[in-house]
Amino acid sequence: MPTPRISPTLLALALASAFPMHAAVAQTAAAPEAKKDVNQLEAVIVTGSRRAENLKEVPLSISAIKSEELDTYNAAGQDVRALSGKVPSLNIESDYGRTFPRFYVRGLGNTDFDMNASQPVGLVYDDVVQESIALKGFPVFDMAQVELLRGPQGTLFGRNSPAGVMKFDSAKPGKRFEGYANIGYGRWNSVNLETAVNVPLSSDWSMRVAGIVQRQDDRVHNPIAATAGATADLEGYNDKALRVQALYKSGNFEGLFKVQARDYKGTATTFRANIIKRGTNDLVDGYDDSYYPTDGYNSQTLKSSEVSARLRWDFDGMSLYSITAHDRAKFYSRGDVDGGFGSRFGGIPDGPKYYPAGSTTPYPSVIPFDSQTADGIPYLRQTTQEFRLQSNTADALQWILGVYYFNEKLQVDSFNFDSFATGDPQNGYAVQHQNAKSWAAFGNIKYALTPDLKLTAGLRYTDDKKDFDAVRTWTPGKAPNVDIIGPFYANPKSTNWSWDLGANYNLDKATSLFARVATGYRAPSIQGRVLFGDSISIANSEKVLSVEAGFKADLLDNTARITGTVFKYRVKDLQLTAGSGSTNQNRLVNAAKAEGQGFELDAQAIIARDWRTTLGFSYNDTKIKDPNLFVQPCGNANFQFLTPNTGCTVLDPAGPLAGTVSINGNPLPRAPKVVWNWTLKYSTEIGAGELTVLTDWAYKDKYNMFLYEAVEYKAKSALEGGLRVGYAWNAGKYEVAAFSRNITNHRQVVAAIDFDNLTGIVNEPRSYGVQFKASF
């Protein structure tokens, strides 16, 4: 039978027909699947419903990213942020570099930089919730699949998932002796080595060992390091992780046991002073990635580990699951937050200064005061336990019943340092302790009313409690234990009922429709970083109600697939993070309400025998609705008496108190309205092997960096692309490839520090290299 070829015109018509519907369930990944059958697209199997199901049978908006696609995105040694924008409505960023990623789904996220911050996007790694920021950035390697579950997931996944869940599933042990080694070498002597070996030990036991090593030389140089007594070279890293899994199967019992660990050493994000051209969101002329004059030290370390046991007993008509896990972590991050050198208030010449093209007069710049701080987690223990009983038949009625327990013990340290004394000694300290406990009971049913119409319903009860204390024993600039602030105590408690209702209807064999109404919940949060503040802040629990509807369609003899979702949500008591003006401090506030609405579209197609393409598009319109909510904008605007034209340009109306602005009507921070991604893959046989060329592109619309709007702190829209050319031979056992990420070397400010000067954080520059992969 000849391979069908689809004309680009037919594909364009199919894609265009989906947009006016403004309907969508986003599902498959933003990169092509492995080419196992050039004639048809493979079915997408997801586990977001706690069962392995065809995506078309699940009334959820889900995107799935396969392991082959992850190989492309991680080619240059990227961390989890490489997935940002690769599927609709997903944004991932970090102010800490390769650690502490912050996830945003449909505009909902949290910009809090405290070590105790909570997020509205849950992260589940091999069925275990990763609550702490020290656990969320575990490297993505040897994965079976990554899934993004959009919208509230409060029934099956529980607390702190009102925006959705990122679900990572690693490859499991199997019955074949096999493995692979994938090594890449690139710019700045970067090395990316990923390997895995699967070993069947007996008829009952099998084991899989996987590891990753990612390293890069420092690519940023500090020209004043010797005279300032500071870190000389930055942005290098050495990141190692190992996972060992053992699978036992005998009779009606299965046990999957896992040990994994991570050891990271590197530098924190480089905050760069005076790099934003005032009155614009442009980089100043003369900006240079490799140039970073600073008078501070910079370092970052993270060690984490987990042991877990996932057990299953199969009985007549039902299965019992037990998921037990214990996580530990230590984290430390130190950086020069003012992003430069000197101090105007201290009478020390400050900088750096940048010059307009062709001018000998620098842009106005200022460092009012130095800010060199560190935060750490010297102690983290997280224990989780889930028991789940669920049906395992093919009956019309499917059900799940479960209980869940969570216990976290955490200490957070905050340090201040004197940048102008020899050795930059410590001159400030504050500490937080938190013990968080939560338990929940949940249930879910799925009933096939007819063979084509299936209804789902879920309910969960959650009980949360936190015991918290914070104290500042060393006020910066004073003697230790003299000006003690605190201790402060907090014991927030909350309970919540989350529920969801859904329906999935098969119009025919190729097309299905779905609708879902769901609620979600985030437990109370505490911001207790009192190193520079004399109080703590507590945000009440937030609750979200979401409505969505969508379609999923296989077209043109299953050579094209289009899915889409329209959605609208409302959040009550939304937890937001507000800056504290001219102080390196955050405060939590609750907005009375916030709303979001939009649509998502995901499509993929075989457009010819050797050509595949994907397209993802999302539109997220978010708005804060609270006329009584006001915040302090950028503190650098307060220092114009030192040097004019060095503060940010605020666009919001003045608030009721001096120095505040109203944020009513503003979009949520770090929430681009439009996100799209596109890939094109060409594969053809050459000689005894196969040549593959893949390009992928991701676009993010402009967004506010903070709750308020300012010209300088509105990130520009960005388009970044990647290219990979590979040749595989010997039935795919060997492959050599060349790659490049951010191939246009697009450079812009993506985040900022607003309390001291026009300090920015810049996106990653272009990287490139070669890869070799061998499988057996």
# chains A, B, ... in the order shown; residues from 1 in each chain; ligands from 1
>>> closest_atom_pairs(of="range 129-172 of chain A", to="range 106-116 of chain A", cutoff="9 Å", atoms="only C-alpha atoms", output="tab-separated table")
residue	atom	partner	partner_atom	distance
A:Ser132	CA	A:Asn116	CA	7.3
A:Ile133	CA	A:Met115	CA	6.7
A:Ala134	CA	A:Met115	CA	8.1
A:Arg150	CA	A:Arg106	CA	7.7
A:Gly151	CA	A:Arg106	CA	7.9
A:Pro162	CA	A:Leu108	CA	8.4
A:Ala163	CA	A:Leu108	CA	5.8
A:Gly164	CA	A:Arg106	CA	8.9
>>> write_last_selection(atoms="C-alpha atoms", output="CSV table (one decimal), in the first residue's frame")
chain,number,residue,atom,x,y,z
A,132,SER,CA,9.7,22.2,48.4
A,133,ILE,CA,11.6,24.4,46.0
A,134,ALA,CA,14.7,22.3,46.7
A,150,ARG,CA,-4.0,22.0,33.0
A,151,GLY,CA,-6.6,23.4,35.3
A,162,PRO,CA,-5.3,24.9,41.5
A,163,ALA,CA,-3.4,25.8,38.3
A,164,GLY,CA,-2.5,22.3,37.3
>>> residues_around(residues="Leu247 in chain A", least_positions_apart="2", cutoff="12 Å", atoms="only C-alpha atoms", output="PDB file with C-alpha atoms, in the first residue's frame")
ATOM      1  CA  ALA A 171      11.407   4.905  32.451  1.00  0.00           C
ATOM      2  CA  LYS A 172      10.678   1.781  34.513  1.00  0.00           C
ATOM      3  CA  PRO A 173      12.623  -1.489  34.734  1.00  0.00           C
ATOM      4  CA  GLY A 174      11.715  -4.039  32.098  1.00  0.00           C
ATOM      5  CA  LYS A 175      12.406  -7.643  31.116  1.00  0.00           C
ATOM      6  CA  ASN A 198      18.143  -2.111  32.274  1.00  0.00           C
ATOM      7  CA  VAL A 199      18.974  -5.546  33.721  1.00  0.00           C
ATOM      8  CA  PRO A 200      16.541  -8.452  34.235  1.00  0.00           C
ATOM      9  CA  LEU A 201      17.794 -10.175  37.399  1.00  0.00           C
ATOM     10  CA  SER A 202      15.399 -13.108  37.508  1.00  0.00           C
ATOM     11  CA  SER A 203      11.917 -14.078  36.487  1.00  0.00           C
ATOM     12  CA  ASP A 204      10.588 -11.850  39.287  1.00  0.00           C
ATOM     13  CA  TRP A 205      13.169  -9.061  39.581  1.00  0.00           C
ATOM     14  CA  SER A 206      14.454  -6.420  37.162  1.00  0.00           C
ATOM     15  CA  MET A 207      16.533  -3.335  37.752  1.00  0.00           C
ATOM     16  CA  ARG A 208      17.163  -0.051  35.948  1.00  0.00           C
ATOM     17  CA  VAL A 209      20.030   2.310  36.723  1.00  0.00           C
ATOM     18  CA  VAL A 244      18.227   3.233  40.803  1.00  0.00           C
ATOM     19  CA  GLN A 245      14.963   1.306  40.483  1.00  0.00           C
ATOM     20  CA  LYS A 249       6.513  -8.950  40.109  1.00  0.00           C
ATOM     21  CA  SER A 250       5.081 -12.176  41.423  1.00  0.00           C
ATOM     22  CA  PHE A 253       1.847  -8.353  43.723  1.00  0.00           C
ATOM     23  CA  GLU A 254       4.106  -5.739  42.153  1.00  0.00           C
ATOM     24  CA  GLY A 255       6.639  -3.574  43.957  1.00  0.00           C
ATOM     25  CA  LEU A 256       8.700  -0.744  42.452  1.00  0.00           C
ATOM     26  CA  PHE A 257      11.477   0.506  44.726  1.00  0.00           C
ATOM     27  CA  LYS A 258      13.501   3.617  43.948  1.00  0.00           C
ATOM     28  CA  ALA A 309       8.249   2.283  47.361  1.00  0.00           C
ATOM     29  CA  ARG A 310       5.271   1.929  45.043  1.00  0.00           C
ATOM     30  CA  LEU A 311       3.359  -1.232  45.759  1.00  0.00           C
ATOM     31  CA  ARG A 312       0.330  -2.826  44.085  1.00  0.00           C
TER      32      ARG A 312
END
>>> residues_around(residues="Trp188 in chain A", least_positions_apart="2", cutoff="8 Å", atoms="only C-alpha atoms", output="compact mmCIF listing (two decimals) with C-alpha atoms, in the first residue's frame")
# COMPACT_ATOMS: atom_id res chain seq x y z
CA GLY A 186 29.21 22.02 23.29
CA SER A 190 29.71 21.92 28.22
CA GLN A 216 29.84 23.73 31.89
CA ASP A 217 32.81 26.05 32.31
CA ASP A 218 32.29 29.56 33.63
CA ARG A 219 31.32 31.86 30.77
>>> residues_around(residues="range 499-505 of chain A", least_positions_apart="5", cutoff="8 Å", atoms="only C-alpha atoms", output="list in words")
Glu57, Val58, Pro59, Gly154, Thr155, Asp452, Leu453, Lys454, Leu455, Thr456, Ala457, Gly458, Leu459, Arg460, Ser512, Leu513, Phe514, Ala515, Arg516, Val517, Ala518, Thr519 and Gly520 of chain A
>>> residues_around(residues="Pro293 in chain A", least_positions_apart="3", cutoff="9 Å", atoms="only C-alpha atoms", output="list in words")
His221, Asn222, Pro223, Ile224, Ala225, Ala232, Arg272, Gly339, Gly340, Phe341, Gly351 and Pro352 of chain A
>>> residues_around(residues="Ile276 in chain A", least_positions_apart="3", cutoff="10 Å", atoms="only C-alpha atoms", output="ChimeraX atom specification")
/A:272-273,279-285,287,354,363,365,646,648,712-713,748-749,752,757-761
>>> write_last_selection(atoms="C-alpha atoms", output="compact mmCIF listing (two decimals), in the first residue's frame")
# COMPACT_ATOMS: atom_id res chain seq x y z
CA ARG A 272 23.17 42.67 36.36
CA ALA A 273 22.92 46.28 37.56
CA GLY A 279 12.13 54.55 29.69
CA THR A 280 12.34 51.34 27.65
CA ASN A 281 12.66 47.62 28.23
CA ASP A 282 15.78 47.47 26.03
CA LEU A 283 19.24 46.37 27.03
CA VAL A 284 21.67 49.26 27.23
CA ASP A 285 24.23 49.72 24.49
CA TYR A 287 25.88 45.14 27.22
CA TYR A 354 27.34 51.62 30.12
CA TYR A 363 23.78 56.21 30.76
CA SER A 365 23.33 54.72 36.67
CA THR A 646 17.71 55.94 37.17
CA CYS A 648 11.61 52.78 36.75
CA GLU A 712 11.28 48.84 32.20
CA TYR A 713 9.77 45.79 33.86
CA GLN A 748 16.59 40.39 26.34
CA VAL A 749 15.74 41.07 29.97
CA ALA A 752 14.48 42.00 37.27
CA ASN A 757 18.56 49.96 40.65
CA LEU A 758 17.62 48.91 37.12
CA THR A 759 18.94 45.39 37.61
CA GLY A 760 18.00 42.72 35.08
CA ILE A 761 18.26 39.00 34.48
>>> select_by_dssp(residues="range 470-527 of chain A", states="strand (DSSP E)", output="ChimeraX atom specification")
/A:470-474,485-490,493-506,511-522,525-527
>>> write_last_selection(atoms="C-alpha atoms", output="JSON list (two decimals), in the first residue's frame")
[["chain", "number", "residue", "atom", "x", "y", "z"],
["A", 470, "ALA", "CA", 10.96, 33.12, 62.47],
["A", 471, "VAL", "CA", 13.50, 35.32, 64.23],
["A", 472, "ARG", "CA", 16.24, 37.76, 63.27],
["A", 473, "THR", "CA", 19.14, 37.33, 65.65],
["A", 474, "TRP", "CA", 21.59, 39.54, 63.77],
["A", 485, "ILE", "CA", 13.59, 40.94, 66.03],
["A", 486, "GLY", "CA", 11.04, 38.29, 66.90],
["A", 487, "PRO", "CA", 10.48, 35.46, 67.31],
["A", 488, "PHE", "CA", 7.30, 35.51, 65.26],
["A", 489, "TYR", "CA", 4.88, 32.61, 65.40],
["A", 490, "ALA", "CA", 2.13, 31.48, 63.06],
["A", 493, "LYS", "CA", -4.99, 25.92, 59.56],
["A", 494, "SER", "CA", -7.50, 25.23, 56.83],
["A", 495, "THR", "CA", -9.81, 22.57, 55.47],
["A", 496, "ASN", "CA", -11.27, 22.30, 52.01],
["A", 497, "TRP", "CA", -13.58, 20.27, 49.81],
["A", 498, "SER", "CA", -12.45, 20.03, 46.16],
["A", 499, "TRP", "CA", -14.63, 18.49, 43.48],
["A", 500, "ASP", "CA", -14.86, 18.03, 39.74],
["A", 501, "LEU", "CA", -17.42, 16.86, 37.19],
["A", 502, "GLY", "CA", -16.58, 15.83, 33.64],
["A", 503, "ALA", "CA", -18.04, 14.24, 30.56],
["A", 504, "ASN", "CA", -16.48, 12.72, 27.46],
["A", 505, "TYR", "CA", -18.55, 11.99, 24.34],
["A", 506, "ASN", "CA", -17.36, 10.18, 21.22],
["A", 511, "THR", "CA", -13.66, 12.62, 17.20],
["A", 512, "SER", "CA", -14.60, 13.20, 20.82],
["A", 513, "LEU", "CA", -15.86, 16.16, 22.86],
["A", 514, "PHE", "CA", -15.38, 16.84, 26.53],
["A", 515, "ALA", "CA", -16.44, 19.28, 29.23],
["A", 516, "ARG", "CA", -15.25, 19.72, 32.79],
["A", 517, "VAL", "CA", -16.06, 21.80, 35.86],
["A", 518, "ALA", "CA", -13.48, 21.65, 38.64],
["A", 519, "THR", "CA", -12.32, 23.35, 41.80],
["A", 520, "GLY", "CA", -8.84, 23.63, 43.28],
["A", 521, "TYR", "CA", -7.24, 24.84, 46.48],
["A", 522, "ARG", "CA", -3.92, 26.20, 47.75],
["A", 525, "SER", "CA", 1.25, 30.39, 52.79],
["A", 526, "ILE", "CA", 3.75, 32.16, 55.03],
["A", 527, "GLN", "CA", 6.43, 34.65, 53.98]]
>>> select_by_dssp(residues="range 13-167 of chain A", states="alpha helix (DSSP H)", output="compact mmCIF listing (two decimals) with N, CA and C atoms, in the first residue's frame")
# COMPACT_ATOMS: atom_id res chain seq x y z
N LEU A 13 -5.97 23.95 5.89
CA LEU A 13 -7.42 24.07 6.03
C LEU A 13 -7.90 23.40 7.31
N ALA A 14 -7.31 22.26 7.63
CA ALA A 14 -7.72 21.56 8.85
C ALA A 14 -7.38 22.37 10.09
N LEU A 15 -6.19 22.94 10.11
CA LEU A 15 -5.79 23.76 11.26
C LEU A 15 -6.65 25.00 11.38
N ALA A 16 -6.89 25.64 10.25
CA ALA A 16 -7.67 26.87 10.29
C ALA A 16 -9.08 26.63 10.78
N SER A 17 -9.64 25.47 10.46
CA SER A 17 -11.01 25.20 10.89
C SER A 17 -11.13 25.12 12.39
N ALA A 18 -10.03 24.84 13.08
CA ALA A 18 -10.11 24.69 14.53
C ALA A 18 -10.13 26.03 15.25
N SER A 67 9.89 10.98 25.45
CA SER A 67 11.31 10.97 25.77
C SER A 67 12.16 11.44 24.60
N GLU A 68 11.75 11.14 23.35
CA GLU A 68 12.51 11.57 22.19
C GLU A 68 12.57 13.09 22.09
N GLU A 69 11.48 13.73 22.44
CA GLU A 69 11.43 15.19 22.39
C GLU A 69 12.30 15.81 23.48
N LEU A 70 12.32 15.15 24.66
CA LEU A 70 13.15 15.64 25.75
C LEU A 70 14.62 15.60 25.36
N ASP A 71 15.02 14.58 24.59
CA ASP A 71 16.41 14.51 24.12
C ASP A 71 16.79 15.75 23.33
N THR A 72 15.85 16.23 22.51
CA THR A 72 16.11 17.42 21.71
C THR A 72 16.22 18.67 22.58
N TYR A 73 15.28 18.86 23.49
CA TYR A 73 15.26 20.07 24.31
C TYR A 73 16.43 20.13 25.29
N ILE A 133 10.84 23.89 47.13
CA ILE A 133 11.59 24.41 45.99
C ILE A 133 12.90 23.65 45.80
N ALA A 134 13.44 23.05 46.86
CA ALA A 134 14.69 22.31 46.75
C ALA A 134 14.51 20.98 46.02
N LEU A 135 13.28 20.53 45.85
CA LEU A 135 13.00 19.26 45.20
C LEU A 135 12.49 19.42 43.77
N LYS A 136 11.94 20.58 43.44
CA LYS A 136 11.23 20.75 42.18
C LYS A 136 12.14 20.72 40.95
>>> residues_around(residues="Tyr405 in chain A", least_positions_apart="4", cutoff="7 Å", atoms="only C-alpha atoms", output="list of chain:residue names")
A:Thr384, A:Gln385, A:Glu386, A:Ser438, A:Trp439, A:Ala440
>>> closest_residue(among="A:Ala578, A:Leu193, A:Leu41, A:Ala82", to="Val770 in chain A", atoms="only C-alpha atoms")
A:Leu193
>>> closest_residue(among="A:Gln390, A:Gly179, A:Phe168, A:Lys466", to="Ala774 in chain A", atoms="only C-alpha atoms")
A:Gly179
>>> closest_residue(among="A:Thr269, A:Glu720, A:Val121, A:Lys240", to="Val220 in chain A", atoms="only C-alpha atoms")
A:Thr269
>>> closest_residue(among="A:Ala560, A:Ala52, A:Met705, A:Leu719", to="Asn677 in chain A", atoms="only C-alpha atoms")
A:Leu719
>>> closest_residue(among="A:Tyr429, A:Phe772, A:Phe315, A:Tyr379", to="Pro480 in chain A", atoms="only C-alpha atoms")
A:Tyr429
